[in-house]
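A short write-up of the structure that comes next.
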There are 4 protein chains.
Amino acid sequence: MKLWGGRFTQPTDELMERFNRSFDFDWRLYAADIRGSMAYAKALARAGIVTDEERGLLIEGLSQVLAEFEGGTFQPAPGDEDIHTAVERRLQELIGPVAGKLHTGRSRNDQVVTDVRLYLMDHLDRLDGLLGDLQAAIVEQAGAHLELLMPGYTHLQRAQPVRFSHWLLSYFWMLQRDRERLRDARQRTTVCPLGSGALAGHSLDIDRESLAGELGFEAISENSIDAVSDRDFILESLAAGAILGIHLSRLAEDLTLYCSAEFAFVELDEAYCTGSSLMPQKKNPDSVELMRGKAGRLVGNLVSLLVTLKGLPSAYDKDLQEDKEPLFDTLDTVELALPVAAGMIRTLSVNPDRMRAALDDSMLATDLADYLVRKGVPFRQAHDIVGRVVRYGIEQDKRLRDLSLAEWETVSPLFEADVADVFDFERAVERKASRGGTARSAVEAQIARARALMAC
Amino acid sequence: MKLWGGRFTQPTDELMERFNRSFDFDWRLYAADIRGSMAYAKALARAGIVTDEERGLLIEGLSQVLAEFEGGTFQPAPGDEDIHTAVERRLQELIGPVAGKLHTGRSRNDQVVTDVRLYLMDHLDRLDGLLGDLQAAIVEQAGAHLELLMPGYTHLQRAQPVRFSHWLLSYFWMLQRDRERLRDARQRTTVCPLGSGALAGHSLDIDRESLAGELGFEAISENSIDAVSDRDFILESLAAGAILGIHLSRLAEDLTLYCSAEFAFVELDEAYCTGSSLMPQKKNPDSVELMRGKAGRLVGNLVSLLVTLKGLPSAYDKDLQEDKEPLFDTLDTVELALPVAAGMIRTLSVNPDRMRAALDDSMLATDLADYLVRKGVPFRQAHDIVGRVVRYGIEQDKRLRDLSLAEWETVSPLFEADVADVFDFERAVERKASRGGTARSAVEAQIARARALMAC
Amino acid sequence: MKLWGGRFTQPTDELMERFNRSFDFDWRLYAADIRGSMAYAKALARAGIVTDEERGLLIEGLSQVLAEFEGGTFQPAPGDEDIHTAVERRLQELIGPVAGKLHTGRSRNDQVVTDVRLYLMDHLDRLDGLLGDLQAAIVEQAGAHLELLMPGYTHLQRAQPVRFSHWLLSYFWMLQRDRERLRDARQRTTVCPLGSGALAGHSLDIDRESLAGELGFEAISENSIDAVSDRDFILESLAAGAILGIHLSRLAEDLTLYCSAEFAFVELDEAYCTGSSLMPQKKNPDSVELMRGKAGRLVGNLVSLLVTLKGLPSAYDKDLQEDKEPLFDTLDTVELALPVAAGMIRTLSVNPDRMRAALDDSMLATDLADYLVRKGVPFRQAHDIVGRVVRYGIEQDKRLRDLSLAEWETVSPLFEADVADVFDFERAVERKASRGGTARSAVEAQIARARALMAC
Amino acid sequence: MKLWGGRFTQPTDELMERFNRSFDFDWRLYAADIRGSMAYAKALARAGIVTDEERGLLIEGLSQVLAEFEGGTFQPAPGDEDIHTAVERRLQELIGPVAGKLHTGRSRNDQVVTDVRLYLMDHLDRLDGLLGDLQAAIVEQAGAHLELLMPGYTHLQRAQPVRFSHWLLSYFWMLQRDRERLRDARQRTTVCPLGSGALAGHSLDIDRESLAGELGFEAISENSIDAVSDRDFILESLAAGAILGIHLSRLAEDLTLYCSAEFAFVELDEAYCTGSSLMPQKKNPDSVELMRGKAGRLVGNLVSLLVTLKGLPSAYDKDLQEDKEPLFDTLDTVELALPVAAGMIRTLSVNPDRMRAALDDSMLATDLADYLVRKGVPFRQAHDIVGRVVRYGIEQDKRLRDLSLAEWETVSPLFEADVADVFDFERAVERKASRGGTARSAVEAQIARARALMAC
């Protein structure tokens, strides 16, 4: 069955049929499609287009189609070019010609975008929960290891000591912004296009507000031409997904480094690693590598739809059929990556000895400069003096704390015996006590704020 | 002057210096940089790091540097690797060693991202205004031509008659979503990272809240490691810019078509066209073609930064220097394209005769099906019957309104003499009177809602 | 069965197993994988690692696995994490422990990239044929309509008359470059990495040259570390696919325009169109719209892999598993789009009357300027004079050929009665007789060159 | 001066003029533009369109314009919308109306693409040389450190010992493929479009072959419509640039790791590092981080032009003006990154002690499995046994070489006293002696092949 054959005299080319067919991927929309059709049947009844009895038949038939999909017994027919055709075809088989009334005043143009919006609203809610669970895993681990110090890096060079918890919590905030972005995207998704017809609106007495309300939409579209071709909500979700992918790739990069033999700050649980077919000793961090690598498809999916939409004339063009696969792939990817990440974080072991051992004295160079600042040296000059101390240490191959007072004085007479007090990593960390800093109190406050946000 | 020489014994390679240098593009941040430094000087004074007198000197000196930039008299020095170095170098020339106190507890890592946030906040506000002005141009033209009918297209095939105003207003809503997205992005931009130091926070008694308030930020960052490497706010602005670019490209595509000789629905003002160096007759719609073509760079800029950020270790890496050029290019592009678009829309001429002439009877096929539906035929069957009517018309090369009653009845006995009433484009349009439809009343209501939004 | 369990004490997390699993998409490589293993079994025998009898067992077993795949009877097991595991697992079931010898000295790292190269070589050959067939369709149509004139457009404004064949042939050359690019990519694909082990090479006496030769490779890799992580050949194929996608999108755009009611230069066969579920009159050019829209995924696939590879450490990382889906999708897309395009071109109808009717006098403005040039006027001045003639025609609403001699003379005394001779579209076209021009002889020569290239 | 004013009655809008103007970036094409015009002047003379005297005047005038550009004295005028207008305007000032003859039969459409091709051909040659120089630096360093062993990594986990030279040379082959790709792109760049006019060809007796030859092109375009809108050669160069960018990003990633304190295998020369404005001890590898980060813009530039071209109608559209900035940026980026990379490689210090210290016994696990294979155990079973040995070592916290024979026998009775012989990294490396392997002889052969290729 085709929904459009009357004007045609020739069959569709066979390859063209495959080229055109979307059922292979849009069958996923079945629940949304049927839900939309049930609400539409009621709206048609309210508008007097179908009788109450017909409405009953339609809804009962649709329930049965839904049951077939959910039970895995739905049989696609060769001509089911898309999910809408498949459902209507099956409905007709079940309830006869009255099925043909369901499409009155409705076009696949407004139907498909209603379906995708409903589908996406559900998945955005699910994503929000998955993000929250990953955040919870981070806060748990951070809370459990508040005392651990490790090197903080910039340019992958040791920079200043920080708390392990502080490092880990940095990802909490990235994920928090992801949640906000996805919530913002949801606001622009929960807009009902149904009732826009092919592009011009509909000619029936359908009450779009109540139809939208019944489907759980929070707003309705204001222009029928825009309504059938607006894919912003998908683009925006794909963009939020790509940015989330960047965050996961950065977390993954950090963990790949930290679980290497050279860093060895953490160890991934075996449940999140695999081995090598050739090298028996290997325990590879595949979970984090895949988290990093999948940033590629998340960015690619976004680009894919941006390119498809670029330069299209307004209203519906068939090109828009290309919107679904990137969206589905982004959702699938993120919905699997997030719980894997949460499990991997929850089961992560830490190696306090290796972290401590990696703290070296030159990471206190800024504290040395601050020491001079407290003696009245302008910071820029203090920086220069300490730079020369560091160079001296490298040339003499000595740890800074092992320099004699005489050696300190050679570089600058401002150094006195109390310079030795600088060499305490814990104290250096505790000085960073302002909001957002790495001192214990600041990290505890940070965790409290994180917990408060999660409770929202 | 370098801000970091003490530890080094060798000069930087000359090509490396060019490779590393960002002053050629980041000089734009001068106002934000100096504003940030002025606020920081005050914060240092409040924290007792500089005296009130020193604060006065710093602020006076910074004012003078600002004046030099704004007056076009600032002289860059060969060693000015970035805007921060340039400002501090010049400040030192002007006020001597006290300049060296300004950087106490501050790193370029937190400074640069503070600068970019301040810069972007200004430009997002500017963009909001430019979008509003383009919306206003659209509403003006739509309001001025409410009576005009034209073909609505799907698949670039004539679909149903719509009002020209309705078509034009479809772009109002796209731009409205762009504004919303940019406002959401602004919420995540107005977060002050200053006080995060290199990555671990600062050791001074600086009150981050009041510092942020003084600079006009609405929030402050909660984790110093995240703060120095978070570029989400740029990504999000680039993504919103890319989506806006897609909208402009679609408007441009419509206008390129509509001002072709074949459509000729509208004419661009000469002020927005150029000619050919070879063909004397040409009046080319360069403005709209450039609007369409520039979607490329807007998407490219987004991809550029996504790729740069992918897989970076956390905290600051030098790669982040690559964040500015795509951002500046996107802002420049959109800030020029939007007013050009507004001017082009305001000066657009319409050609009512050509629009009318392009309405053909087959565009009322859906209304014919509705005619049958009103006689009780299920829509799907009605669709099929009308499809056959259309085919008959094509085969006989006759306009549908010219078919005899006998011919109608050949296809279906349900057609009666009153079928002639269907052939009225105005009436067909007026039936689409529900919210978001193309009937006059619906378009008027749409304009009223648009005006209300613009007044926000 | 896992290929790596010995060192592990815990099972893999269930979600992680799904995250890690590639069998769902890499099963496609079965033929290449088994072909590679057969050749490897022979190489192992030549090197004395397995006996001739064992080699026989291995090859027989592999043949049976191949037969199961081809016959659709292969039963995947839950632990088949990838095609390599699946084949080895099944082989072991069939022939017992000797199956465990097949992997001696071989890693999945060199195996998988051997498989993908073999798979791609086949598909590049197939693509070359499909491109050739689309070129043939173009040359056929061009040859059949040599006499047809139509407007040539720049900026979508009528520019100069051209032959329809000339327009259509412009796509021949784009496709020719696509073929060249794909052939160049094939040169860098036909390089055998087998024998590179995990990353360091192998320790056996395997003759890599004869192994490569047996598999049909034309070269072998020169560095084992590069060999296991080189994905350039995929990137290059994806880039060539994206550029091909751009070409198809441009052809599609032209055809979408030309089959609109406003242009109506061509008509697509019904076999390449579909209808509307709502509007009975619609015959939509879905085939060309999908050709245009699918440029999105072709670009997206390229970006996807570029992002995945960016910033990876050398040698094999698990991220590389993400290379296959974009490649498969690009191949699937192009291998379906090309024959659809060829069928669509072959069945295209042309509408000579509409093309002729669209030629208007101002398209001869350049010829008018040439007329003045022949009278000694510098071209730039001639251009200006003719520009004013065109302006005059617009203001008077007259076709240029209808201007009186007096009117011509008003603009410039250089116009004489013979200016009337300029108004002959055929003659204007025939003057473009140099190589690559639109005169009949030039187009015939172009077709001859095209045919010669296709015969290569 | 405009090249197209005659038909217009109104001035261009001021913002539109800025939007339209390309001189700010296309002035770079001046040398190519003037070279093209000189050749065209000669062709016009040969075709009898200008006299020999006029030709002399044109060439002399053009030489003077060229001299002004090269001497930095060229004064742009406000109306110079592009480089072509600027040159023709200046030429007219210098030689009067005869300048107006230069454009006879030529359009900016064929002129601009001729210019870009000439410009790109020069730069592709330059790039080839720069790539060769980076390859030379790699071969030099590899040759100087043949004896150094280091851990080879997969998944960033220690895998098998390799020669440092072997690791470094892996980049030689990536760069070799880059050179090949750029040479292939050059083949499709050296095609002369001049003589294609606006889109239809020219009407003069210009000999395109000799014109092309004079400009150094190796072929001429075969279809004028394709010729003016073909930008494949730019896309292809951008794609090759993006792939090169991926290679540089991977080299950069390796070096960022290897010069971290945790690996410390190499040290970058100070000439390729910079410091921190806050932390006096920092020596940051900015050169390699920028090499990694700039992959972003190289991919972004490619995407930018792909998006711009997507869906354009054939022949020239103004959108094509957007082709130049991404190309120029890619060339600039790569032409600076390559010599920086070469200098950085040439000045790199190695740290043999750290490399050696990072080799640990479990990296010989595959050799242990081979030991069992030599005793007749199928590899898969051997892999499993050794996996259990590794597990035992971890649990006992013992190096494998320190296990007693009794402990070996506990895992498998197949282990005998000679298992101790396996623990020799040098010998393990030397076993990988086949082509492309990491044994000394194989690496020497690899270097010989590399040198032979560089000599081409």
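In the structure tokens, chains take the letters A, B, ... in the order shown, each chain's residues start at 1, and ligands count up from 1 in the order shown.
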At a cut-off of 7 Å, using only C-alpha atoms, what residues contact Leu199 in chain D? Leave out same-chain residues fewer than 3 positions from it and give the result as a compact mmCIF listing (two decimals) with N, CA and C atoms, in the first residue's frame.
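Wrote around-v2.txt, looks like this:
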```txt
# COMPACT_ATOMS: atom_id res chain seq x y z
N SER D 196 37.28 30.09 -20.68
CA SER D 196 35.93 29.57 -20.46
C SER D 196 34.90 30.68 -20.34
N SER D 224 33.32 24.37 -20.27
CA SER D 224 33.40 25.72 -19.70
C SER D 224 32.52 25.90 -18.47
N ILE D 225 31.38 25.20 -18.42
CA ILE D 225 30.49 25.34 -17.26
C ILE D 225 31.16 24.74 -16.02
N VAL D 228 34.31 26.98 -14.68
CA VAL D 228 34.16 28.16 -13.84
C VAL D 228 33.64 27.84 -12.44
N ALA D 315 27.63 26.04 -12.56
CA ALA D 315 28.25 27.28 -13.05
C ALA D 315 28.57 28.20 -11.86
```
Compile a residue-level contact table for chain A against chain C at a cut-off of 6 Å, reporting for every qualifying residue the shortest atom pair and its distance in Å to one decimal, with only C-alpha atoms counted, rows ordered by chain and ascending number, as a Markdown table.
```
| residue | atom | partner | partner_atom | distance |
| --- | --- | --- | --- | --- |
| A:Leu3 | CA | C:Ser277 | CA | 5.0 |
| A:Trp4 | CA | C:Gly275 | CA | 5.0 |
| A:Pro11 | CA | C:Ala271 | CA | 5.8 |
| A:Thr12 | CA | C:Ala271 | CA | 4.0 |
| A:Asp13 | CA | C:Ala271 | CA | 4.8 |
| A:Met16 | CA | C:Val340 | CA | 5.9 |
| A:Ser107 | CA | C:Leu278 | CA | 5.1 |
| A:Ala271 | CA | C:Thr12 | CA | 4.0 |
| A:Gly275 | CA | C:Trp4 | CA | 5.0 |
| A:Ser276 | CA | C:Trp4 | CA | 5.5 |
| A:Ser277 | CA | C:Leu3 | CA | 5.0 |
| A:Leu278 | CA | C:Ser107 | CA | 5.1 |
| A:Asp286 | CA | C:Lys318 | CA | 5.8 |
| A:Glu289 | CA | C:Asp319 | CA | 5.4 |
| A:Leu290 | CA | C:Asp319 | CA | 5.3 |
| A:Gly293 | CA | C:Asp319 | CA | 4.4 |
| A:Gly296 | CA | C:Ser304 | CA | 4.2 |
| A:Arg297 | CA | C:Ser304 | CA | 4.7 |
| A:Gly300 | CA | C:Ser304 | CA | 4.2 |
| A:Asn301 | CA | C:Gly300 | CA | 5.9 |
| A:Val303 | CA | C:Gly300 | CA | 5.2 |
| A:Ser304 | CA | C:Gly300 | CA | 4.2 |
| A:Leu305 | CA | C:Gly296 | CA | 5.9 |
| A:Val307 | CA | C:Gly296 | CA | 4.6 |
| A:Thr308 | CA | C:Gly296 | CA | 4.5 |
| A:Lys318 | CA | C:Glu289 | CA | 5.6 |
| A:Asp319 | CA | C:Gly293 | CA | 4.4 |
| A:Val340 | CA | C:Met16 | CA | 5.9 |
```
**Message:** List the spatial neighbours of range 123-131 of chain D as a ChimeraX atom specification - criterion: any atom at most 7 Å away, only C-alpha atoms, same-chain residues fewer than 4 positions off excluded.
**Reply:** /D:119,135,175,179,182,186,335,338-339
Write out the residues from the selection above, keeping C-alpha atoms, as a PDB file, in the first residue's frame.
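File produced: selection25.pdb:
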```
ATOM      1  CA  TYR D 119      48.737  30.388  -6.724  1.00  0.00           C
ATOM      2  CA  GLN D 135      61.125  13.866   6.569  1.00  0.00           C
ATOM      3  CA  LEU D 175      54.366  12.318   5.578  1.00  0.00           C
ATOM      4  CA  ARG D 179      53.342  14.199  -0.290  1.00  0.00           C
ATOM      5  CA  LEU D 182      49.402  16.601  -2.538  1.00  0.00           C
ATOM      6  CA  ARG D 186      48.485  19.051  -8.016  1.00  0.00           C
ATOM      7  CA  GLU D 335      53.675  26.256   5.795  1.00  0.00           C
ATOM      8  CA  LEU D 338      56.104  22.113   9.030  1.00  0.00           C
ATOM      9  CA  PRO D 339      59.356  24.053   9.459  1.00  0.00           C
TER      10      PRO D 339
END
```
**Within 9 Å of Leu204 in chain C using only C-alpha atoms, minus same-chain residues under 4 positions, as a PyMOL selection string** = (chain C and resi 44+47+49+104-105) or (chain D and resi 431-434)
File dump, residues just selected, C-alpha atoms, as a PDB file, in the first residue's frame:
```
ATOM      1  CA  LEU C  44      52.522 -20.230   8.398  1.00  0.00           C
ATOM      2  CA  ALA C  47      57.424 -20.777   7.521  1.00  0.00           C
ATOM      3  CA  ILE C  49      54.863 -23.018  11.987  1.00  0.00           C
ATOM      4  CA  THR C 104      50.596 -17.282  15.753  1.00  0.00           C
ATOM      5  CA  GLY C 105      52.529 -14.054  15.200  1.00  0.00           C
TER       6      GLY C 105
ATOM      7  CA  ARG D 431      63.670 -11.222  16.264  1.00  0.00           C
ATOM      8  CA  LYS D 432      61.386  -8.726  14.486  1.00  0.00           C
ATOM      9  CA  ALA D 433      63.651  -8.767  11.459  1.00  0.00           C
ATOM     10  CA  SER D 434      61.199  -9.049   8.599  1.00  0.00           C
TER      11      SER D 434
END
```
**Prompt:** If you count only C-alpha atoms, which residues fall within 9 Å of range 425-429 of chain A, apart from same-chain ones fewer than 4 positions away, as a PyMOL selection string?
**Reply:** (chain A and resi 149+160-163+359+361+363-364+367+433+437-440) or (chain B and resi 200+203)
**Item:** Residue among C:Leu148, C:Ser237, C:Ala136, C:Ser221 lying closest to Ala455 in chain C, counting only C-alpha atoms
**Value:** C:Ala136
**Request:** Could you give me, as a PyMOL selection string, the residues within 12 Å of Thr410 in chain C, counting only C-alpha atoms and dropping anything in the same chain fewer than 6 positions from it?
**Result:** chain C and resi 385-386+388-389+392+403-404+416
How would the residues just chosen look if you wrote them out with C-alpha atoms as a compact mmCIF listing (two decimals), in the first residue's frame?
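Once everything was written out, this is result.txt:
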```
# COMPACT_ATOMS: atom_id res chain seq x y z
CA ILE C 385 27.28 51.12 -23.37
CA VAL C 386 25.41 47.83 -23.56
CA ARG C 388 22.82 51.29 -20.64
CA VAL C 389 20.95 49.67 -23.54
CA TYR C 392 16.75 51.37 -21.40
CA LEU C 403 14.24 48.64 -30.17
CA SER C 404 14.24 50.95 -33.14
CA GLU C 416 23.96 50.48 -36.86
```
**Request:** Would you please work out which residue, of D:Met1, D:Ala219, D:Ala382, D:Leu453, is nearest to Gly79 in chain D when using only C-alpha atoms?
**Result:**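 Of D:Met1, D:Ala219, D:Ala382, D:Leu453, the one nearest Gly79 in chain D is D:Met1, counting only C-alpha atoms.
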**Request:** Return as number ranges by chain the full set of residues in range 220-456 of chain C whose backbone-based DSSP assignment is strand (DSSP E).
**Result:** C: 220, 266-267, 349-350
**Message:** Could you go through range 165-222 of chain C and tell me which residues DSSP, when run on the backbone, assigns to helix (DSSP H, G or I), listing them as an NGL selection string?
**Reply:** :C and (165-189 or 208-214)
**Request:** Would you list the contacts of Asp82 in chain B as a list in words, taking every protein, DNA or RNA residue within 8 Å and counting only C-alpha atoms, but skipping same-chain residues closer than 6 positions in sequence?
**Result:**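 My list of contacting residues is Arg21, Ser22, Phe23, Asp24, Asp26 and Trp27 of chain B.
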**Fill in**
CA of Val191 in chain A sits from CA of Gln446 in chain B at a separation of 15.7 Å
**Message:** Quick check, in Å to one decimal: how far apart do CA of Val373 in chain C and CA of Ala86 in chain D lie?
**Reply:** 22.8 Å
**Complete:** One residue among B:Val139, B:Val112, B:Ile234, B:Val266 is nearest to Pro193 in chain B when using only C-alpha atoms, and that residue is B:Val112
